[in-house]
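Below is one structure; the comments refer to it alone.
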Amino acid sequence: MDRRITCLNCMDGRVQLPVLTWLKSNYPVDFVDVITEAGMDGVLAKQEDITEILRSIAVSVNVNKSTRLFVVGHHDCRGNPVDNDTHHTQIKEAVRRLRTHWSKQEVSGLWVNNPWNVELVAES
């Protein structure tokens with residue numbers, strides 16, 4: 001059986017490769033399901049209706065058997081133009097929010113910093 005995780009990332013192409021490389025280097029997975037939205041950390045932390053994102057997660061978890069969720073925020077985000085401290089707060093809030101929907105999944109938050117390195121900033 002394939003080992004799979006789910007990444008909820010910004011749609012910004014600058015963060016895709018660093019995040020995928022980091023995930024595959026740090027977790028024993030075969031595939032990473034990627035769900036994107038402009039400013040994903042802010043969307044998950046603040047937007048009231050996240051039905052479509054939850055539907056995509058359900059496919060990843062229930063059909064593809066993903067075992068873990070990752071929420072990503074990054075510096076210089078044009079879809080969520082807030083300061084770094086606010087991003088970190090939003091990532092942690094997004095992790096908490098996803099845990100209410102996916103209590104059996106491990107949920108983690110990642111930050112992509114200025115030189116495009118990935119940092120783990122929240123775990124549930």
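Letters A, B, ... go to the chains of the structure tokens in the order shown; residues in each chain start at 1; ligands are counted from 1 in the same order.
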- [ ] List every residue of range 81-117 of chain A that DSSP, applied to the backbone, labels as strand (DSSP E), and write the result as a PyMOL selection string.
- [x] chain A and resi 106-112
Open item on the list: I'd like the neighbourhood of Phe70 in chain A as a ChimeraX atom specification, where a residue qualifies if any of its atoms comes within 10 Å (using only C-alpha atoms), though same-chain residues fewer than 4 positions away should be ignored.
Closed with: /A:5-9,19,23,34,91,94-95,98,106-110,120,122-123
Report the closest atom pair, with its distance in Å rounded to one decimal, for each residue of range 18-40 of chain A that has an atom no farther than 8 Å from range 80-84 of chain A; count only C-alpha atoms, sort by chain and then rising residue number, and write it as a tab-separated table.
residue	atom	partner	partner_atom	distance
A:Ala38	CA	A:Asn80	CA	7.2
A:Gly39	CA	A:Asn80	CA	4.5
A:Met40	CA	A:Asn80	CA	7.9
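When only C-alpha atoms are used to measure the gap to Trp116 in chain A, the shortest distance among A:His87, A:Arg78, A:Arg14, A:Arg55 belongs to A:Arg14.
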Close residues, Trp102 in chain A itself excluded, 10 Å, only C-alpha atoms, min 5 positions apart in chain, as a short mmCIF file (atom, residue, chain, number, x, y, z; two decimals) with all heavy atoms, in the first residue's frame:
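What landed in result-v3.cif:
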data_model
loop_
_atom_site.label_atom_id
_atom_site.label_comp_id
_atom_site.auth_asym_id
_atom_site.auth_seq_id
_atom_site.Cartn_x
_atom_site.Cartn_y
_atom_site.Cartn_z
N LEU A 54 -12.19 21.08 2.91
CA LEU A 54 -12.50 19.88 3.69
C LEU A 54 -12.90 18.72 2.79
O LEU A 54 -12.56 17.56 3.07
CB LEU A 54 -13.60 20.18 4.71
CG LEU A 54 -13.24 21.16 5.82
CD1 LEU A 54 -14.46 21.46 6.68
CD2 LEU A 54 -12.09 20.64 6.66
N ILE A 57 -9.70 17.31 1.42
CA ILE A 57 -9.01 16.54 2.48
C ILE A 57 -9.70 15.19 2.64
O ILE A 57 -9.02 14.16 2.80
CB ILE A 57 -9.00 17.32 3.81
CG1 ILE A 57 -8.15 18.58 3.69
CG2 ILE A 57 -8.45 16.41 4.93
CD1 ILE A 57 -8.27 19.52 4.90
N ALA A 58 -11.02 15.16 2.60
CA ALA A 58 -11.75 13.91 2.76
C ALA A 58 -11.36 12.90 1.69
O ALA A 58 -11.19 11.71 1.98
CB ALA A 58 -13.26 14.17 2.74
N VAL A 61 -7.81 11.68 2.60
CA VAL A 61 -7.78 10.81 3.78
C VAL A 61 -8.58 9.53 3.57
O VAL A 61 -8.07 8.43 3.80
CB VAL A 61 -8.30 11.57 5.03
CG1 VAL A 61 -8.50 10.63 6.21
CG2 VAL A 61 -7.32 12.69 5.40
N ARG A 68 -1.45 11.88 7.39
CA ARG A 68 -1.02 13.08 8.11
C ARG A 68 -1.31 14.30 7.26
O ARG A 68 -1.20 14.25 6.04
CB ARG A 68 0.47 12.97 8.42
CG ARG A 68 0.99 14.03 9.33
CD ARG A 68 2.42 13.71 9.73
NE ARG A 68 2.83 14.68 10.71
CZ ARG A 68 3.56 14.40 11.77
NH1 ARG A 68 3.97 13.18 11.98
NH2 ARG A 68 3.89 15.34 12.61
N LEU A 69 -1.64 15.43 7.93
CA LEU A 69 -1.91 16.68 7.24
C LEU A 69 -0.85 17.71 7.60
O LEU A 69 -0.42 17.78 8.75
CB LEU A 69 -3.28 17.24 7.65
CG LEU A 69 -4.48 16.31 7.53
CD1 LEU A 69 -5.73 17.00 8.08
CD2 LEU A 69 -4.70 15.87 6.11
N ARG A 96 -5.03 23.79 14.66
CA ARG A 96 -6.08 23.53 15.66
C ARG A 96 -7.44 23.30 14.97
O ARG A 96 -8.18 22.38 15.34
CB ARG A 96 -6.20 24.70 16.64
CG ARG A 96 -5.14 24.69 17.72
CD ARG A 96 -5.44 25.71 18.81
NE ARG A 96 -5.35 27.09 18.36
CZ ARG A 96 -4.21 27.78 18.27
NH1 ARG A 96 -3.08 27.22 18.63
NH2 ARG A 96 -4.22 29.02 17.85
N ARG A 97 -7.74 24.13 13.99
CA ARG A 97 -9.03 24.01 13.30
C ARG A 97 -9.14 22.68 12.56
O ARG A 97 -10.19 22.02 12.62
CB ARG A 97 -9.19 25.18 12.34
CG ARG A 97 -10.56 25.24 11.70
CD ARG A 97 -10.71 26.47 10.84
NE ARG A 97 -12.07 26.64 10.38
CZ ARG A 97 -12.43 27.52 9.47
NH1 ARG A 97 -11.51 28.32 8.92
NH2 ARG A 97 -13.68 27.62 9.09
N VAL A 107 -1.67 16.48 12.56
CA VAL A 107 -1.70 17.72 11.80
C VAL A 107 -0.51 18.57 12.21
O VAL A 107 -0.30 18.79 13.41
CB VAL A 107 -3.02 18.50 12.03
CG1 VAL A 107 -3.06 19.73 11.13
CG2 VAL A 107 -4.24 17.62 11.80
#
Open item on the list: When you count only C-alpha atoms, which of these residues is closest to Asn26 in chain A: A:Glu119, A:Ile50, A:Asn113, A:Ser124?
Closed with: A:Glu119
Open item on the list: Can you measure CA of Asn117 in chain A to CA of Val15 in chain A for me? One decimal in Å is fine.
Closed with: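 A separation of 9.2 Å between them.
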